[in-house]
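Undergrad: For reference, the structure I am asking about is given below.
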Amino acid sequence: MPFPTEINVAIIGAGAAGLGAANALKDSGLSVIVLEARNRLGGRAHTIMPSPDVTFDVGCGWLHSADRNSFVKIAEQLGFEINRALPPWAERAYGKAFPQDDRDDFIRALNAFYDRAEAAAAEAITTGQDCAASLCLEPGNRWNPMIDAISTYVNGRELDQVSILDMDAYEDTDINWRVRRGYGALVAAYGASCPVVLNCAVTLIDHSAKRLRIETSQGTLTANKVIITVPTNLLADETIRFHPALPAKVDAARGLPLGLADKVTLALEEPEALPVEGNLRGATMRTGMGTYHIRPFGQPCIEGFFGGRFAKSLEDAGDGALAAASIDEIVSFLGSDFRRKLKPLAESRWAHDPFARGSYSHALPGHAGDRAVLAAPVDGRLFFAGEATSPEFFTTAHGARDSGERAAKEALASLAKR
C-alpha cells in the first residue's frame, strides 16, 4: 500500500494486536493504516517451511485456552484445519529418559508448587505485597530445577523473575489445539486484507499538537489517533520516542519485559521408528534443559523448545547452537545412533530479533499492575495494545488480538464522545 501523509487512525505494528485493531476498524468509515517495521505480517507469529515436508511455527504454535481463543473462529472462517488432539505434553512421554515413577513424583511436586503459588497469590491480594514465584518452591525439593524449567517455557523466565500475582492472573483452560498450516500462517491470512505498509519502522510519535505526527523510515504522516502494539522491550528501550515523553508507559514496559522461548526443528531420518506426536524429556534435574515434540502432525522432524537464561545463552553462542544442543540432548536420551538421523532445519533467535527482542511478557515481582498501566489510553488519542496489555491472556496471540480489538473500540468511543 502507498505511504499516506494523513490518516484517521495509524496502527503501529502488524502482529496479532495490530491486525486485530485493523480488522475491528474495517467498517468504521475511517481511514486506517498499519505501519510495520518487518517485511511481513504476524510479528512474533511466523510460519515457515524449512523443508518441503515440514511446516514450522518459529513463534507461537498453540491455540492456548482454545475454548476461549478468538483465533479458533477465525481459523474456521478462513478454512484453516484445526487439530484438536491432545498436546504432546499430556501423557505422551516417550523413551526411558524420564521413567514413569519419576514422572509421577515430578507431577506431584509440580502440582504442590502450584497449590502453594495459588495460596501465596491469595495472600498477596489481601496484603497487597507481591513476591517472586520462586518463594513458593519447597526448600530442598529435588524437582525444583525442573519446575523452574517449566516456568521458562510458560513465562520465558525463571521463577525468581516472575510476579506471583501475575502468574495467578493468567487464565488457562487447559485446552490446547493447533493449526495444521501453522499459527503464523493463520495470523498472516487474518491480516491479508488489512491496509499495511511494510518495512516502515516508526521512530517518533509527537503528540504535542492537535494532530499526531509520526516519523517513520519511509517518511512522516499525521493522524488523529494512534494505536501502539509493539513489544514491551521496544517501548522500554525507547526505540519509539514520544514527545512529550511518556515515562509512565516506559516504566510499565520495563516492569513487563519479554522473556525468552526459542524453538528448533530437526529433520528426522527413518521417522517411522518414533511415535507420532510423542513427547521427549529427561529427568535431568536442571533448569537448563530442552523439551522435545516428536513428529508433530506426523512430520519427519523433532521440534525442540528452550526457555529463559538457557535459551539466551544458546542464542548468544551463535547460529546453530540451539540445534547442536538439541541433538546432543536427544542423543543422550535415545543413544548415539540417533546423531546421524538428525539434521538441523531451522531455529528461532527471538532475543536477537531487532523488532521483538524477546518472546512474550512476564511481570517482574511487584509489577503485576503494570499491565493495566500500559493498556490505559493517553489523552483520548494514544491507545496501547499487545499481549502484555491483556489482563488474563498475556503471552498469547489471541490475547494480543483481543487487545487490539479493545484498543480500536476505545479509539472509536473517543471519536464518538468528541
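Labels for the C-alpha cells follow display order: chains A, B, ..., residues from 1 in each chain, ligands from 1.
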Which residues are close to region 229-239 of chain A, i.e. within 7 Å by only C-alpha atoms, leaving aside same-chain residues fewer than 2 positions away? Reply as a PyMOL selection string.

TA: chain A and resi 12-13+17-18+203+227+241+250+253-254+256-258+356-357+384-386

Undergrad: Now that the selection is made, can you save its residues with C-alpha atoms as a PDB file, in the first residue's frame?

TA:
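Writing the result to again27.pdb gives the following:
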```pdb
ATOM      1  CA  ILE A  12       1.960   0.675  14.865  1.00  0.00           C
ATOM      2  CA  GLY A  13       2.810  -2.993  14.342  1.00  0.00           C
ATOM      3  CA  ALA A  17      -2.644  -6.992  18.102  1.00  0.00           C
ATOM      4  CA  GLY A  18      -2.219  -4.567  15.220  1.00  0.00           C
ATOM      5  CA  THR A 203      10.817   6.271  15.382  1.00  0.00           C
ATOM      6  CA  ILE A 227      -2.722   2.542  18.350  1.00  0.00           C
ATOM      7  CA  ARG A 241      10.173   8.000  21.252  1.00  0.00           C
ATOM      8  CA  VAL A 250       8.201   3.331  29.634  1.00  0.00           C
ATOM      9  CA  ALA A 253       7.041  -1.637  29.837  1.00  0.00           C
ATOM     10  CA  ARG A 254      10.203  -2.126  31.891  1.00  0.00           C
ATOM     11  CA  LEU A 256       6.811  -6.242  31.837  1.00  0.00           C
ATOM     12  CA  PRO A 257       9.924  -7.405  29.977  1.00  0.00           C
ATOM     13  CA  LEU A 258       9.824 -10.093  27.339  1.00  0.00           C
ATOM     14  CA  ALA A 356      10.911  -8.185  19.199  1.00  0.00           C
ATOM     15  CA  ARG A 357      13.981  -8.565  21.470  1.00  0.00           C
ATOM     16  CA  PHE A 384      -1.956   0.738  23.606  1.00  0.00           C
ATOM     17  CA  ALA A 385      -2.386  -2.948  22.759  1.00  0.00           C
ATOM     18  CA  GLY A 386      -0.342  -6.135  22.597  1.00  0.00           C
TER      19      GLY A 386
END
```

Undergrad: Taking the DSSP secondary structure from the backbone, can you list the residues of region 152-337 of chain A that are strand (DSSP E), as a count of residues only?

TA: 51

Undergrad: Pick out the residues sitting within 8 Å of region 307-309 of chain A, and hand them over as an MDAnalysis selection string; count only C-alpha atoms, and ignore anything fewer than 4 positions along from it in its own chain.

TA: chainID A and resid 149 152:153 156:158 259:262 288 290 313

Undergrad: With a distance cut-off of 7 Å and only C-alpha atoms, select the neighbouring residues of region 141-148 of chain A, excluding the residue or stretch itself and same-chain residues fewer than 4 positions from it, and output the selection as a ChimeraX atom specification.

TA: /A:106,109-110,137,152,158-159,285-287

Undergrad: Could those residues be written to a file, using C-alpha atoms, as a JSON list (two decimals), in the first residue's frame?

TA:
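Result file follows (selection_39.json):
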```json
[["chain", "number", "residue", "atom", "x", "y", "z"],
["A", 106, "PHE", "CA", 7.62, -34.75, 39.42],
["A", 109, "ALA", "CA", 5.87, -31.82, 43.15],
["A", 110, "LEU", "CA", 4.71, -29.53, 40.34],
["A", 137, "LEU", "CA", 9.33, -23.66, 45.77],
["A", 152, "THR", "CA", 10.98, -20.82, 31.38],
["A", 158, "GLU", "CA", 12.82, -18.40, 35.76],
["A", 159, "LEU", "CA", 10.55, -18.09, 38.78],
["A", 285, "MET", "CA", 17.28, -32.28, 37.45],
["A", 286, "ARG", "CA", 18.41, -29.00, 35.95],
["A", 287, "THR", "CA", 16.75, -25.84, 34.68]]
```

Undergrad: Considering only helix (DSSP H, G or I) as DSSP defines it on the backbone, what residues of region 31-133 of chain A qualify? List them as a ChimeraX atom specification.

TA: /A:66-68,70-78,100-127,133

Undergrad: I want to know what sits within 12 Å of Glu303 (chain A), based on only C-alpha atoms, with residues of the same chain fewer than 4 positions away left out; could you give that as a ChimeraX atom specification?

TA: /A:54-58,61,88,262-268,277-281,290-299,322-323,326-327,330,342-348

Undergrad: So the first atom is CA of Ala24 (chain A) and the second is CA of Glu410 (chain A); what is the distance between them in Å, to one decimal place?

TA: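 CA of Glu410 (chain A) lies at a distance of 10.9 Å from CA of Ala24 (chain A).
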
Undergrad: Neighbouring residues of Gly366 (chain A) were defined as those with any atom within 8 Å, considering only C-alpha atoms; residues of the same chain fewer than 5 positions away were excluded. Please report them as a list in words.

TA: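 In the requested form, the answer reads Gln129, Asp130, Cys131 and Ser163 of chain A.
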
Undergrad: Pick the closest to Val187 (chain A) from A:Asn23, A:Asn83, A:Ser51, A:Asn224: which is it, counting only C-alpha atoms?

TA: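 Counting only C-alpha atoms, the residue closest to Val187 (chain A) is A:Asn23.
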
Undergrad: Which residue, A:Arg181, A:Asn8, A:Ile48, A:Thr126, has the smallest gap to Phe80 (chain A) when you use only C-alpha atoms?

TA: A:Arg181

Undergrad: Taking 6 positions as the minimum chain separation for residues in the same chain, which residues sit within 6 Å of Gly42 (chain A) when counting only C-alpha atoms? Answer as a list in words.

TA: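 Surrounding residues, per the criterion: Ala14, Gly15, Val187 and Ala188 of chain A.
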
Undergrad: Write to file, as a short mmCIF file (atom, residue, chain, number, x, y, z; two decimals), in the first residue's frame, the residues of the selection just made, with N, CA and C atoms.

TA:
```cif
data_model
loop_
_atom_site.label_atom_id
_atom_site.label_comp_id
_atom_site.auth_asym_id
_atom_site.auth_seq_id
_atom_site.Cartn_x
_atom_site.Cartn_y
_atom_site.Cartn_z
N ALA A 14 2.19 -4.81 12.87
CA ALA A 14 1.27 -5.72 12.18
C ALA A 14 1.37 -7.13 12.74
N GLY A 15 1.54 -7.23 14.06
CA GLY A 15 1.38 -8.52 14.72
C GLY A 15 -0.09 -8.78 14.98
N VAL A 187 -2.35 -16.12 11.29
CA VAL A 187 -2.31 -14.69 11.63
C VAL A 187 -2.06 -13.86 10.38
N ALA A 188 -1.17 -14.32 9.51
CA ALA A 188 -0.90 -13.59 8.27
C ALA A 188 -2.14 -13.54 7.38
#
```
